[in-house]
Structure formats: structure tokens, C-alpha cells
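Enquirer: See final.tsv below, with TSV, C-alpha atoms.
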```
chain	number	residue	atom	x	y	z
A	75	MET	CA	-9.66	-25.11	-59.98
A	76	PRO	CA	-7.91	-25.82	-56.65
A	77	SER	CA	-6.00	-22.98	-55.03
A	78	THR	CA	-2.83	-25.05	-54.88
A	79	ILE	CA	-1.14	-27.42	-57.28
A	80	PRO	CA	-1.54	-30.96	-55.91
A	81	PRO	CA	1.71	-32.74	-54.97
A	82	GLN	CA	3.51	-35.14	-57.28
A	83	PRO	CA	6.53	-37.41	-56.83
A	84	ASP	CA	9.73	-35.49	-56.10
A	85	ARG	CA	11.43	-34.28	-59.27
A	86	PRO	CA	14.64	-32.31	-58.81
A	87	ARG	CA	14.80	-30.70	-62.24
A	88	THR	CA	11.26	-30.13	-63.44
A	89	ARG	CA	8.01	-28.71	-62.22
A	90	ILE	CA	5.04	-30.20	-60.40
A	91	ARG	CA	2.43	-31.66	-62.70
A	92	PRO	CA	-1.17	-31.14	-61.55
A	93	ARG	CA	-3.09	-34.39	-61.25
A	94	ARG	CA	-6.57	-33.16	-62.13
A	95	ARG	CA	-7.16	-33.43	-65.87
A	96	THR	CA	-10.38	-35.40	-66.25
A	97	GLY	CA	-13.22	-33.73	-68.10
A	98	ALA	CA	-10.93	-31.43	-70.11
A	99	ALA	CA	-12.22	-30.28	-73.46
A	100	LEU	CA	-10.03	-31.85	-76.12
A	101	ALA	CA	-9.37	-30.74	-79.69
A	102	THR	CA	-7.48	-33.71	-81.02
A	103	ALA	CA	-8.85	-35.45	-84.10
A	104	LEU	CA	-7.21	-33.21	-86.67
A	105	LEU	CA	-4.05	-34.88	-87.81
A	106	LEU	CA	-4.65	-37.79	-90.16
A	107	ALA	CA	-7.47	-36.00	-91.94
A	108	ALA	CA	-5.25	-32.96	-92.39
A	109	GLY	CA	-2.50	-34.65	-94.34
A	110	TRP	CA	0.01	-36.15	-91.92
A	111	THR	CA	2.26	-38.12	-94.30
A	112	SER	CA	5.56	-39.93	-94.38
A	113	ALA	CA	7.17	-36.79	-95.83
A	114	THR	CA	6.22	-34.92	-92.68
A	115	THR	CA	7.61	-37.73	-90.55
A	116	ALA	CA	10.87	-37.64	-92.47
A	117	GLU	CA	11.22	-33.94	-91.77
A	118	ALA	CA	10.65	-34.48	-88.07
A	119	ASP	CA	13.45	-37.05	-88.15
A	120	GLY	CA	15.71	-34.30	-89.47
A	121	SER	CA	16.03	-35.71	-92.98
A	122	PRO	CA	15.14	-33.65	-96.06
A	123	ALA	CA	11.72	-34.04	-97.62
A	124	SER	CA	11.21	-33.11	-101.25
A	125	HIS	CA	7.45	-32.81	-100.88
A	126	ARG	CA	5.95	-30.92	-97.97
A	127	THR	CA	2.36	-31.31	-96.93
A	128	ALA	CA	0.39	-28.15	-96.33
A	129	ALA	CA	0.42	-27.21	-92.65
A	130	VAL	CA	-2.98	-26.87	-91.03
A	131	THR	CA	-3.06	-24.43	-88.13
A	132	THR	CA	-4.81	-25.99	-85.15
A	133	PHE	CA	-3.91	-23.46	-82.43
A	134	SER	CA	-2.74	-19.87	-82.76
A	135	ASP	CA	-2.37	-17.00	-80.35
A	136	ASP	CA	-0.55	-13.78	-81.33
A	137	PHE	CA	-1.58	-12.03	-78.11
A	138	ASP	CA	-3.16	-9.04	-79.78
A	139	GLY	CA	-5.25	-6.85	-77.51
A	140	PRO	CA	-5.19	-3.75	-75.33
A	141	ALA	CA	-2.38	-3.23	-72.86
A	142	GLY	CA	-3.22	-4.66	-69.47
A	143	SER	CA	-5.87	-7.06	-70.73
A	144	ALA	CA	-5.98	-10.74	-69.83
A	145	VAL	CA	-5.14	-13.68	-72.06
A	146	ASP	CA	-7.89	-15.27	-74.13
A	147	GLY	CA	-9.76	-17.51	-71.70
A	148	GLY	CA	-10.94	-19.63	-74.58
A	149	LYS	CA	-7.33	-20.66	-75.18
A	150	TRP	CA	-5.51	-20.42	-71.85
A	151	ARG	CA	-6.44	-21.13	-68.22
A	152	TYR	CA	-4.51	-20.18	-65.10
A	153	GLU	CA	-2.98	-22.84	-62.86
A	154	THR	CA	-2.57	-21.39	-59.39
A	155	GLY	CA	-0.77	-22.25	-56.17
A	156	ASP	CA	2.73	-23.03	-54.96
A	157	ASN	CA	5.03	-25.94	-55.77
A	158	VAL	CA	6.57	-27.81	-52.85
A	159	ASN	CA	8.06	-30.80	-54.68
A	160	ASN	CA	10.36	-28.66	-56.79
A	161	HIS	CA	10.92	-26.21	-53.91
A	162	GLU	CA	9.97	-23.29	-56.14
A	163	ARG	CA	9.47	-20.00	-54.31
A	164	GLU	CA	6.66	-18.38	-56.30
A	165	TYR	CA	2.90	-18.47	-55.88
A	166	TYR	CA	1.13	-18.73	-59.24
A	167	THR	CA	-1.77	-16.28	-59.38
A	168	SER	CA	-4.71	-15.69	-61.69
A	169	GLY	CA	-5.60	-12.34	-63.22
A	170	THR	CA	-3.49	-9.66	-64.86
A	171	ASN	CA	-1.00	-8.75	-62.13
A	172	ASN	CA	1.34	-11.53	-63.27
A	173	ALA	CA	0.12	-12.25	-66.82
A	174	ALA	CA	-1.19	-9.54	-69.16
A	175	LEU	CA	-0.98	-8.36	-72.75
A	176	ASP	CA	1.29	-5.37	-73.38
A	177	GLY	CA	-0.71	-3.85	-76.25
A	178	GLN	CA	2.12	-4.54	-78.70
A	179	GLY	CA	1.28	-8.13	-79.57
A	180	HIS	CA	2.91	-9.81	-76.60
A	181	LEU	CA	1.89	-11.68	-73.48
A	182	VAL	CA	4.06	-10.72	-70.52
A	183	ILE	CA	4.37	-13.20	-67.64
A	184	THR	CA	5.95	-11.30	-64.76
A	185	ALA	CA	7.61	-12.64	-61.62
A	186	ARG	CA	7.43	-10.13	-58.77
A	187	LYS	CA	9.08	-10.06	-55.39
A	188	GLU	CA	5.92	-9.35	-53.44
A	189	ASN	CA	2.99	-10.96	-51.68
A	190	PRO	CA	0.15	-8.42	-51.58
A	191	ALA	CA	-2.55	-11.02	-50.93
A	192	GLY	CA	-0.77	-12.82	-48.11
A	193	TYR	CA	-0.37	-16.09	-50.02
A	194	GLN	CA	1.02	-19.04	-48.07
A	195	CYS	CA	3.65	-21.26	-49.67
A	196	TRP	CA	5.24	-24.52	-48.58
A	197	TYR	CA	7.98	-22.58	-46.77
A	198	GLY	CA	5.69	-20.01	-45.11
A	199	SER	CA	4.61	-16.61	-46.36
A	200	CYS	CA	5.29	-16.51	-50.12
A	201	GLN	CA	8.10	-14.24	-51.27
A	202	TYR	CA	7.23	-14.08	-54.98
A	203	THR	CA	4.28	-14.20	-57.36
A	204	SER	CA	4.22	-15.32	-60.98
A	205	ALA	CA	1.89	-17.04	-63.49
A	206	ARG	CA	1.43	-20.41	-65.13
A	207	LEU	CA	-0.97	-20.92	-68.06
A	208	SER	CA	-2.12	-24.09	-69.80
A	209	THR	CA	-4.46	-25.39	-72.49
A	210	ALA	CA	-5.45	-28.51	-70.52
A	211	GLN	CA	-9.13	-27.56	-70.72
A	212	THR	CA	-9.10	-25.98	-74.17
A	213	PHE	CA	-6.68	-27.67	-76.60
A	214	THR	CA	-4.68	-30.87	-76.99
A	215	GLN	CA	-3.00	-32.47	-79.98
A	216	ALA	CA	-0.91	-35.49	-80.89
A	217	TYR	CA	1.91	-34.87	-83.38
A	218	GLY	CA	2.70	-31.73	-85.35
A	219	HIS	CA	4.80	-28.59	-85.10
A	220	PHE	CA	4.60	-26.70	-81.78
A	221	GLU	CA	6.32	-23.32	-81.79
A	222	THR	CA	6.68	-20.20	-79.68
A	223	ARG	CA	8.72	-17.01	-79.99
A	224	MET	CA	9.83	-15.66	-76.62
A	225	GLN	CA	12.25	-13.41	-74.85
A	226	ILE	CA	13.19	-15.03	-71.57
A	227	PRO	CA	14.12	-13.25	-68.32
A	228	ARG	CA	17.56	-13.16	-66.79
A	229	GLY	CA	18.99	-13.65	-63.33
A	230	GLN	CA	19.87	-16.29	-60.77
A	231	GLY	CA	16.80	-18.33	-59.79
A	232	MET	CA	14.75	-17.61	-62.91
A	233	TRP	CA	13.19	-20.70	-64.54
A	234	PRO	CA	11.04	-19.99	-67.63
A	235	ALA	CA	9.56	-22.91	-69.55
A	236	PHE	CA	7.36	-23.80	-72.52
A	237	TRP	CA	6.33	-27.44	-72.32
A	238	MET	CA	3.62	-30.09	-72.78
A	239	LEU	CA	1.98	-32.83	-70.72
A	240	GLY	CA	0.02	-35.87	-71.80
A	241	SER	CA	-3.70	-35.24	-71.48
A	242	ASP	CA	-4.18	-38.59	-69.72
A	243	ILE	CA	-2.27	-37.41	-66.64
A	244	GLY	CA	-5.47	-37.56	-64.58
A	245	ASN	CA	-5.81	-41.28	-65.29
A	246	VAL	CA	-2.25	-42.60	-65.46
A	247	GLY	CA	-0.28	-39.97	-63.50
A	248	TRP	CA	3.15	-38.57	-64.15
A	249	PRO	CA	5.51	-39.58	-65.75
A	250	THR	CA	3.45	-42.28	-67.50
A	251	CYS	CA	1.44	-39.54	-69.21
A	252	GLY	CA	4.64	-38.21	-70.80
A	253	GLU	CA	6.16	-34.74	-70.82
A	254	ILE	CA	7.82	-32.75	-73.60
A	255	ASP	CA	9.88	-29.78	-72.40
A	256	ILE	CA	10.21	-27.68	-75.54
A	257	MET	CA	12.25	-25.00	-73.78
A	258	GLU	CA	13.59	-24.63	-70.26
A	259	ASN	CA	16.19	-22.18	-69.06
A	260	VAL	CA	17.79	-21.80	-65.66
A	261	GLY	CA	19.19	-18.37	-64.88
A	262	PHE	CA	22.73	-19.48	-64.13
A	263	GLU	CA	22.98	-20.60	-67.79
A	264	PRO	CA	22.03	-17.39	-69.64
A	265	GLY	CA	23.10	-18.68	-73.05
A	266	THR	CA	21.68	-22.22	-72.88
A	267	VAL	CA	18.21	-23.74	-73.13
A	268	HIS	CA	17.22	-27.38	-72.68
A	269	GLY	CA	14.83	-29.72	-74.51
A	270	THR	CA	13.80	-32.87	-72.64
A	271	LEU	CA	11.44	-35.84	-72.76
A	272	HIS	CA	10.15	-37.45	-69.56
A	273	GLY	CA	8.42	-40.81	-69.32
A	274	PRO	CA	8.35	-43.98	-67.21
A	275	GLY	CA	11.95	-44.95	-66.48
A	276	TYR	CA	13.41	-41.71	-67.86
A	277	SER	CA	12.10	-38.81	-65.81
A	278	GLY	CA	13.32	-35.99	-63.60
A	279	SER	CA	17.11	-35.72	-63.70
A	280	GLY	CA	17.09	-38.90	-65.82
A	281	GLY	CA	15.02	-37.37	-68.63
A	282	LEU	CA	16.10	-37.66	-72.25
A	283	GLY	CA	17.45	-34.24	-73.07
A	284	ALA	CA	20.11	-31.97	-74.48
A	285	GLY	CA	21.07	-28.33	-74.32
A	286	TYR	CA	21.43	-25.71	-77.03
A	287	THR	CA	23.90	-22.88	-76.46
A	288	LEU	CA	24.04	-19.62	-78.36
A	289	PRO	CA	27.37	-18.76	-80.00
A	290	GLY	CA	29.73	-16.04	-78.89
A	291	GLY	CA	28.58	-15.79	-75.30
A	292	GLU	CA	25.15	-14.41	-76.25
A	293	ALA	CA	22.31	-14.56	-73.71
A	294	PHE	CA	18.77	-15.65	-74.56
A	295	ALA	CA	17.47	-12.72	-72.52
A	296	ASP	CA	19.03	-10.27	-74.98
A	297	GLY	CA	16.31	-10.79	-77.60
A	298	PHE	CA	13.52	-12.94	-78.97
A	299	HIS	CA	14.17	-16.53	-80.02
A	300	THR	CA	11.99	-19.25	-81.52
A	301	PHE	CA	11.62	-22.58	-79.73
A	302	ALA	CA	9.88	-25.54	-81.33
A	303	VAL	CA	9.42	-29.27	-81.53
A	304	ASP	CA	8.46	-31.36	-84.54
A	305	TRP	CA	6.68	-34.43	-83.23
A	306	SER	CA	5.82	-37.41	-85.39
A	307	PRO	CA	5.03	-41.05	-84.60
A	308	GLY	CA	8.31	-42.35	-83.20
A	309	ALA	CA	10.34	-39.13	-83.14
A	310	VAL	CA	10.54	-35.74	-81.41
A	311	THR	CA	12.96	-33.14	-82.80
A	312	PHE	CA	13.85	-29.99	-80.84
A	313	SER	CA	14.93	-26.74	-82.50
A	314	VAL	CA	15.98	-23.20	-81.63
A	315	ASP	CA	15.60	-20.46	-84.25
A	316	GLY	CA	15.05	-23.16	-86.87
A	317	HIS	CA	18.20	-25.10	-85.98
A	318	ALA	CA	17.42	-28.72	-85.05
A	319	TYR	CA	19.74	-29.78	-82.24
A	320	GLU	CA	18.21	-32.97	-80.83
A	321	THR	CA	16.01	-35.85	-81.99
A	322	ARG	CA	14.67	-38.53	-79.65
A	323	THR	CA	13.15	-41.86	-80.69
A	324	PRO	CA	11.93	-44.99	-78.87
A	325	ALA	CA	15.46	-46.40	-79.10
A	326	ASP	CA	16.57	-43.79	-76.56
A	327	THR	CA	14.31	-45.21	-73.82
A	328	HIS	CA	16.40	-48.41	-73.58
A	329	GLY	CA	13.38	-50.66	-73.37
A	330	ASN	CA	11.15	-48.37	-71.34
A	331	LYS	CA	7.78	-47.41	-72.74
A	332	TRP	CA	7.62	-44.65	-75.36
A	333	VAL	CA	4.62	-42.58	-74.25
A	334	PHE	CA	4.52	-39.93	-76.99
A	335	ASP	CA	1.67	-41.38	-78.99
A	336	HIS	CA	-1.39	-39.55	-77.67
A	337	PRO	CA	-2.62	-35.93	-77.25
A	338	PHE	CA	-0.70	-33.45	-75.09
A	339	TYR	CA	-1.55	-29.94	-73.90
A	340	LEU	CA	0.57	-26.77	-73.71
A	341	ILE	CA	1.95	-25.02	-70.62
A	342	MET	CA	4.04	-21.88	-70.21
A	343	ASN	CA	5.23	-20.49	-66.90
A	344	LEU	CA	7.90	-18.52	-65.13
A	345	ALA	CA	9.09	-20.20	-61.95
A	346	VAL	CA	11.25	-18.56	-59.29
A	347	GLY	CA	13.76	-20.79	-57.53
A	348	GLY	CA	13.73	-24.54	-57.14
A	349	TYR	CA	16.08	-27.48	-56.93
A	350	TRP	CA	17.46	-27.07	-60.43
A	351	PRO	CA	17.88	-23.27	-60.84
A	352	GLY	CA	18.54	-22.53	-57.18
A	353	ASP	CA	16.99	-19.59	-55.40
A	354	PRO	CA	17.38	-15.92	-56.33
A	355	ASN	CA	20.19	-14.05	-54.62
A	356	ASP	CA	21.23	-10.44	-54.13
A	357	SER	CA	22.21	-10.18	-57.80
A	358	THR	CA	18.69	-11.03	-59.02
A	359	GLN	CA	16.64	-8.00	-59.99
A	360	PHE	CA	12.83	-7.97	-59.86
A	361	PRO	CA	10.46	-7.82	-61.57
A	362	GLN	CA	11.54	-10.26	-64.28
A	363	SER	CA	9.39	-11.06	-67.31
A	364	LEU	CA	8.89	-13.81	-69.86
A	365	VAL	CA	7.66	-12.04	-73.01
A	366	VAL	CA	5.72	-14.24	-75.44
A	367	ASP	CA	5.30	-13.05	-79.01
A	368	TYR	CA	3.18	-15.96	-80.23
A	369	VAL	CA	2.28	-19.62	-79.83
A	370	HIS	CA	1.44	-21.53	-83.02
A	371	VAL	CA	0.61	-25.20	-83.54
A	372	THR	CA	0.21	-26.86	-86.93
A	373	THR	CA	-0.23	-30.38	-88.18
A	374	SER	CA	3.08	-30.46	-90.01
A	375	ASN	CA	6.53	-29.10	-89.39
A	376	SER	CA	8.43	-26.23	-90.91
A	377	ALA	CA	11.88	-26.48	-92.46
A	378	LEU	CA	14.74	-27.15	-90.05
A	379	ARG	CA	18.34	-26.12	-90.62
A	380	HIS	CA	21.19	-28.27	-89.37
```
For the file at hand, write its structure as C-alpha cells.
Expert:
Amino acid sequence: MPSTIPPQPDRPRTRIRPRRRTGAALATALLLAAGWTSATTAEADGSPASHRTAAVTTFSDDFDGPAGSAVDGGKWRYETGDNVNNHEREYYTSGTNNAALDGQGHLVITARKENPAGYQCWYGSCQYTSARLSTAQTFTQAYGHFETRMQIPRGQGMWPAFWMLGSDIGNVGWPTCGEIDIMENVGFEPGTVHGTLHGPGYSGSGGLGAGYTLPGGEAFADGFHTFAVDWSPGAVTFSVDGHAYETRTPADTHGNKWVFDHPFYLIMNLAVGGYWPGDPNDSTQFPQSLVVDYVHVTTSNSALRH
């Protein structure tokens, strides 16, 4: 894997997408044989379904293991380097300094204000390190329920995300491959997360998205929350803690191509700085951590509350 993330077209609100994806091991042909039905599609559209198909688990990680140990390399791979096009400030590393299990059933991705290895970033000597993990080489899937339970960090310049990219990115590039941002948060909005689709003609700051804000001035960093999408042919529904707040369909692309009809892979990362969140300032405390309780993927969705 290259030491840096190859450049992509400038995108002011979302991260660089690595170009190299050919030869990835795919785990995709699970859906139709596992009972994907019109009832499941109706649920993803947000409408009630009287008959639910049995969910088949296709990917599961509960991050059980000794404190300080690395993630399961059979499920996750590190993506390393800096990110010039978003003007992020971190250098994504491999190993356990920035991503390790805590021994209590969590993965902890930690952003640190340090540069012990002398990493070089687009702006000079790197000021921060963090981690970015993906399943590009281990798991992809089209359609289903994709869910994580996380406690996000807090502070100006923090940019945690749980998202997906089309597995054909190496052939067609971004944004034609498609992108599903299941959860993004920027530190200056402590009580709001965003769900967004990116594709040809609706990418970057023009992505199809909406925000979800906690009631009563609560902050997402105060506790764990569940972030998910239910993805069916022709619809993607975003939810927080089981509450569906946004559904996107081909009608939203206004004639542009709907590219959410093929396998995608998972990514989770903690960025520091960038065009959208802005850089850390004197109020930002380090280290900051994204704590991941689990990541589960099934072939059908769970109940959503409106």
C-alpha cells in the first residue's frame, strides 16, 4: 500500500478517495440468495412492512480482544498518508499508536498532536497523527443494513466519519463510483451529524445530504450513538439511534446518474482539520478519540422509528 493517499479532484467538504482498488477481495454475492424482498425495500423507503425477512449477517466486528491489540487484519486494513486535497492536517498511520482495541469491546481511533516518526505532510512537517481503516480488500456489499455504534470526539477541527465507497473506484474514479457518508461530524457542530450521497453531478459541497441534530443541546461526544443506512435498489435511508431522518432516491439526482447499484466497501477515520471543519485552535484538546463499539452489516434492515 502506498505511503500516501493519491490525490483526487478538490472536494471542499469530504475526504480524499484513494484511487487504487483493483484486485481487492470482494464478498458480494450474498443478497438475493439471502432473501432480499420487496418488504425489505419498503422498509428502506421508510414505510412500514408487515412481514420482515430474516437478516443475514455478512460482516460483524465487536472489537473484542486484549487492550492495546490491533484490529482484525482479516476485516480491516490501514490506509496511510496525508490528504492535501481536503487540506487535512493529520498523517494516517498504521499500527496501534493511533488505532487499538481497549480491552472492553471497543476500537479506539486516536488523533494525537505529535509527529514522532517525522512524517511529512502537504504543508510540511506533520502536526498530527490519526488512523483510517477500510474493508476495500476484505469486504464489499451492495444493499442491506450498515450500522455502527460510536462515541465521537469533540473539539474544533475534529472530523470523524463512517462511510462507504463504490468498489469500482479504481476503474471509474470518484465520484462516478459513488459515496455514501453514513455519519460525518465537524467539531464546530457538536450536536449535529450529516448523512450524504455523492455521485456524478452531485458531489463535494453539492452532495445530496441532510443533518440530524440531537434535542436539548446535547452533544454526540457525550455518549454512544448508533448510525446506520438502509440501502435498497433505488433508495438510501439514513438513521441515528433508530430514527430515520433522510431518504434519497434517483429522483433527487435531477437527471444525473444514480450510482448506488453495485458493491461498496466500509471506511472509518478520524480526520484533523480540513476545508469543512477548519483547523484545530487553542480550545482543542488532544488526544481526541473516536470510540467504536461495533460495526455490523446485514442483508436486511432493522426497524426504523419516525
Enquirer: Determine, counting all atoms listed in the file, which protein, DNA and RNA residues have an atom within 6 Å of an atom of segment 141-157 of chain A; residues of the same chain fewer than 4 positions away are not included. Present the result as a PyMOL selection string.
Expert: chain A and resi 77-79+162+165-168+170+174-177+195+206-209+212
Enquirer: Go through segment 226-306 of chain A and flag each residue having an atom no more than 12 Å from segment 362-375 of chain A; for those, report the closest pair of atoms plus their distance in Å to one decimal, using all atoms listed in the file, ordered by chain and rising number, as CSV.
Expert:
```
residue,atom,partner,partner_atom,distance
A:Ile226,CA,A:Leu364,CA,4.8
A:Pro227,CA,A:Ser363,CA,5.3
A:Arg228,CA,A:Gln362,CA,7.1
A:Gly229,CA,A:Gln362,CA,8.2
A:Gln230,CA,A:Gln362,CA,10.9
A:Gly231,CA,A:Gln362,CA,10.6
A:Met232,CA,A:Gln362,CA,8.1
A:Trp233,CA,A:Leu364,CA,9.7
A:Pro234,CA,A:Leu364,CA,6.9
A:Ala235,CA,A:Leu364,CA,9.1
A:Phe236,CA,A:Val369,CA,9.8
A:Trp237,CA,A:Val369,CA,11.6
A:Glu258,CA,A:Leu364,CA,11.8
A:Asn259,CA,A:Leu364,CA,11.1
A:Gly261,CA,A:Gln362,CA,11.2
A:Phe294,CA,A:Leu364,CA,11.1
A:Ala295,CA,A:Leu364,CA,9.0
A:Asp296,CA,A:Val365,CA,11.7
A:Gly297,CA,A:Val365,CA,9.9
A:Phe298,CA,A:Asp367,CA,8.2
A:His299,CA,A:Asp367,CA,9.6
A:Thr300,CA,A:Asp367,CA,9.5
A:Phe301,CA,A:Val369,CA,9.8
A:Ala302,CA,A:Asn375,CA,9.4
A:Val303,CA,A:Asn375,CA,8.4
A:Asp304,CA,A:Asn375,CA,5.7
A:Trp305,CA,A:Asn375,CA,8.1
A:Ser306,CA,A:Ser374,CA,8.8
```
Enquirer: Could you state the separation of atom CA of Gly285 of chain A and atom CA of Glu320 of chain A in Å, given to one decimal place?
Expert: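 Computing it gives 8.5 Å between the two atoms.
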Enquirer: Which of these residues is nearest to Phe312 of chain A, using all atoms listed in the file: A:Met257, A:Ala293, A:Met342, A:Cys251?
Expert: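 Counting all atoms listed in the file, the residue closest to Phe312 of chain A is A:Met257.
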Enquirer: So, counting only C-alpha atoms, which residue among A:Gly308, A:Gly265, A:Gly275, A:Gly192 is closest to Pro289 of chain A?
Expert: A:Gly265
Enquirer: Using all atoms listed in the file, can you tell me which of A:Phe338, A:Phe220, A:Trp332, A:Tyr276 comes closest to Leu239 of chain A?
Expert: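 Among the listed residues, the smallest separation from Leu239 of chain A belongs to A:Phe338.
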Enquirer: Would you pick out the contacts of Pro274 of chain A at 8 Å or less, using only C-alpha atoms, so that residues sharing its chain but fewer than 6 positions from it are not included, and give the list as a PyMOL selection string?
Expert: chain A and resi 249-250+252+330-331
Enquirer: Nearest to Asn343 of chain A among A:Phe213, A:His180, A:Ser204, A:Trp196, with distances taken over only C-alpha atoms: which residue is it?
Expert: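 Smallest distance to Asn343 of chain A is found for A:Ser204.
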Enquirer: Quick one: pull the distance between atom CA of Asp315 of chain A and atom CA of His219 of chain A, Å, one decimal.
Expert: 13.5 Å
Enquirer: What does the distance between atom CA of Asn172 of chain A and atom CA of Pro264 of chain A come to in Å, to one decimal place?
Expert: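 Rounded to one decimal, the two atoms are 22.4 Å apart.
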Enquirer: Choose the residue, out of A:Ala191, A:Asn159, A:Glu221, A:Leu271, that has the smallest atom-to-atom separation from Asp326 of chain A; count only C-alpha atoms.
Expert: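 Checking each of A:Ala191, A:Asn159, A:Glu221, A:Leu271 against Asp326 of chain A, counting only C-alpha atoms, the winner is A:Leu271.
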Enquirer: Within 7 Å of Tyr339 of chain A, counting all atoms listed in the file, which residues qualify if same-chain residues fewer than 2 places away don't, as a PyMOL selection string?
Expert: chain A and resi 209-210+213-215+238-241+337+341
Enquirer: Given only C-alpha atoms as the basis, pick out the residue of A:Thr132, A:Thr287, A:Thr321, A:Asn160 nearest to Ala216 of chain A.
Expert: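 Using only C-alpha atoms, the shortest distance to Ala216 of chain A belongs to A:Thr132.
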Enquirer: Supply segment 312-332 of chain A as a short mmCIF file (atom, residue, chain, number, x, y, z; two decimals), in the coordinates of the input, with N, CA, C and O atoms built in where the input has gaps.
Expert:
```cif
data_model
loop_
_atom_site.label_atom_id
_atom_site.label_comp_id
_atom_site.auth_asym_id
_atom_site.auth_seq_id
_atom_site.Cartn_x
_atom_site.Cartn_y
_atom_site.Cartn_z
N PHE A 312 13.83 -31.30 -81.50
CA PHE A 312 13.85 -29.99 -80.84
C PHE A 312 14.66 -29.01 -81.69
O PHE A 312 15.69 -29.37 -82.26
N SER A 313 14.20 -27.75 -81.73
CA SER A 313 14.93 -26.74 -82.50
C SER A 313 14.89 -25.39 -81.80
O SER A 313 13.97 -25.09 -81.03
N VAL A 314 15.90 -24.59 -82.08
CA VAL A 314 15.98 -23.20 -81.63
C VAL A 314 16.28 -22.34 -82.85
O VAL A 314 17.25 -22.60 -83.58
N ASP A 315 15.43 -21.36 -83.10
CA ASP A 315 15.60 -20.46 -84.25
C ASP A 315 15.74 -21.25 -85.55
O ASP A 315 16.50 -20.86 -86.45
N GLY A 316 15.02 -22.35 -85.67
CA GLY A 316 15.05 -23.16 -86.87
C GLY A 316 16.18 -24.15 -86.97
O GLY A 316 16.26 -24.90 -87.93
N HIS A 317 17.07 -24.18 -85.97
CA HIS A 317 18.20 -25.10 -85.98
C HIS A 317 17.86 -26.33 -85.14
O HIS A 317 17.72 -26.23 -83.92
N ALA A 318 17.71 -27.48 -85.77
CA ALA A 318 17.42 -28.72 -85.05
C ALA A 318 18.68 -29.17 -84.31
O ALA A 318 19.75 -29.29 -84.91
N TYR A 319 18.57 -29.40 -83.02
CA TYR A 319 19.74 -29.78 -82.24
C TYR A 319 19.59 -31.11 -81.52
O TYR A 319 20.57 -31.60 -80.93
N GLU A 320 18.41 -31.72 -81.57
CA GLU A 320 18.21 -32.97 -80.83
C GLU A 320 17.00 -33.70 -81.39
O GLU A 320 15.95 -33.10 -81.60
N THR A 321 17.14 -35.00 -81.62
CA THR A 321 16.01 -35.85 -81.99
C THR A 321 16.00 -37.07 -81.08
O THR A 321 17.05 -37.71 -80.87
N ARG A 322 14.83 -37.38 -80.52
CA ARG A 322 14.67 -38.53 -79.65
C ARG A 322 13.69 -39.51 -80.28
O ARG A 322 12.66 -39.09 -80.85
N THR A 323 13.99 -40.80 -80.14
CA THR A 323 13.15 -41.86 -80.69
C THR A 323 12.98 -42.94 -79.62
O THR A 323 13.65 -42.90 -78.57
N PRO A 324 12.10 -43.92 -79.86
CA PRO A 324 11.93 -44.99 -78.87
C PRO A 324 13.22 -45.72 -78.52
O PRO A 324 13.34 -46.25 -77.41
N ALA A 325 14.19 -45.74 -79.40
CA ALA A 325 15.46 -46.40 -79.10
C ALA A 325 16.17 -45.76 -77.91
O ALA A 325 16.96 -46.43 -77.21
N ASP A 326 15.91 -44.48 -77.65
CA ASP A 326 16.57 -43.79 -76.56
C ASP A 326 16.05 -44.19 -75.19
O ASP A 326 16.67 -43.87 -74.17
N THR A 327 14.89 -44.85 -75.13
CA THR A 327 14.31 -45.21 -73.82
C THR A 327 14.91 -46.49 -73.25
O THR A 327 14.59 -46.85 -72.11
N HIS A 328 15.72 -47.18 -74.03
CA HIS A 328 16.40 -48.41 -73.58
C HIS A 328 15.42 -49.42 -73.00
O HIS A 328 15.63 -49.98 -71.92
N GLY A 329 14.35 -49.65 -73.75
CA GLY A 329 13.38 -50.66 -73.37
C GLY A 329 12.22 -50.16 -72.55
O GLY A 329 11.24 -50.90 -72.35
N ASN A 330 12.29 -48.95 -72.05
CA ASN A 330 11.15 -48.37 -71.34
C ASN A 330 10.09 -47.91 -72.34
O ASN A 330 10.37 -47.73 -73.52
N LYS A 331 8.89 -47.72 -71.84
CA LYS A 331 7.78 -47.41 -72.74
C LYS A 331 7.90 -46.02 -73.33
O LYS A 331 8.14 -45.04 -72.63
N TRP A 332 7.72 -45.93 -74.64
CA TRP A 332 7.62 -44.65 -75.36
C TRP A 332 6.18 -44.17 -75.22
O TRP A 332 5.25 -44.84 -75.66
#
```
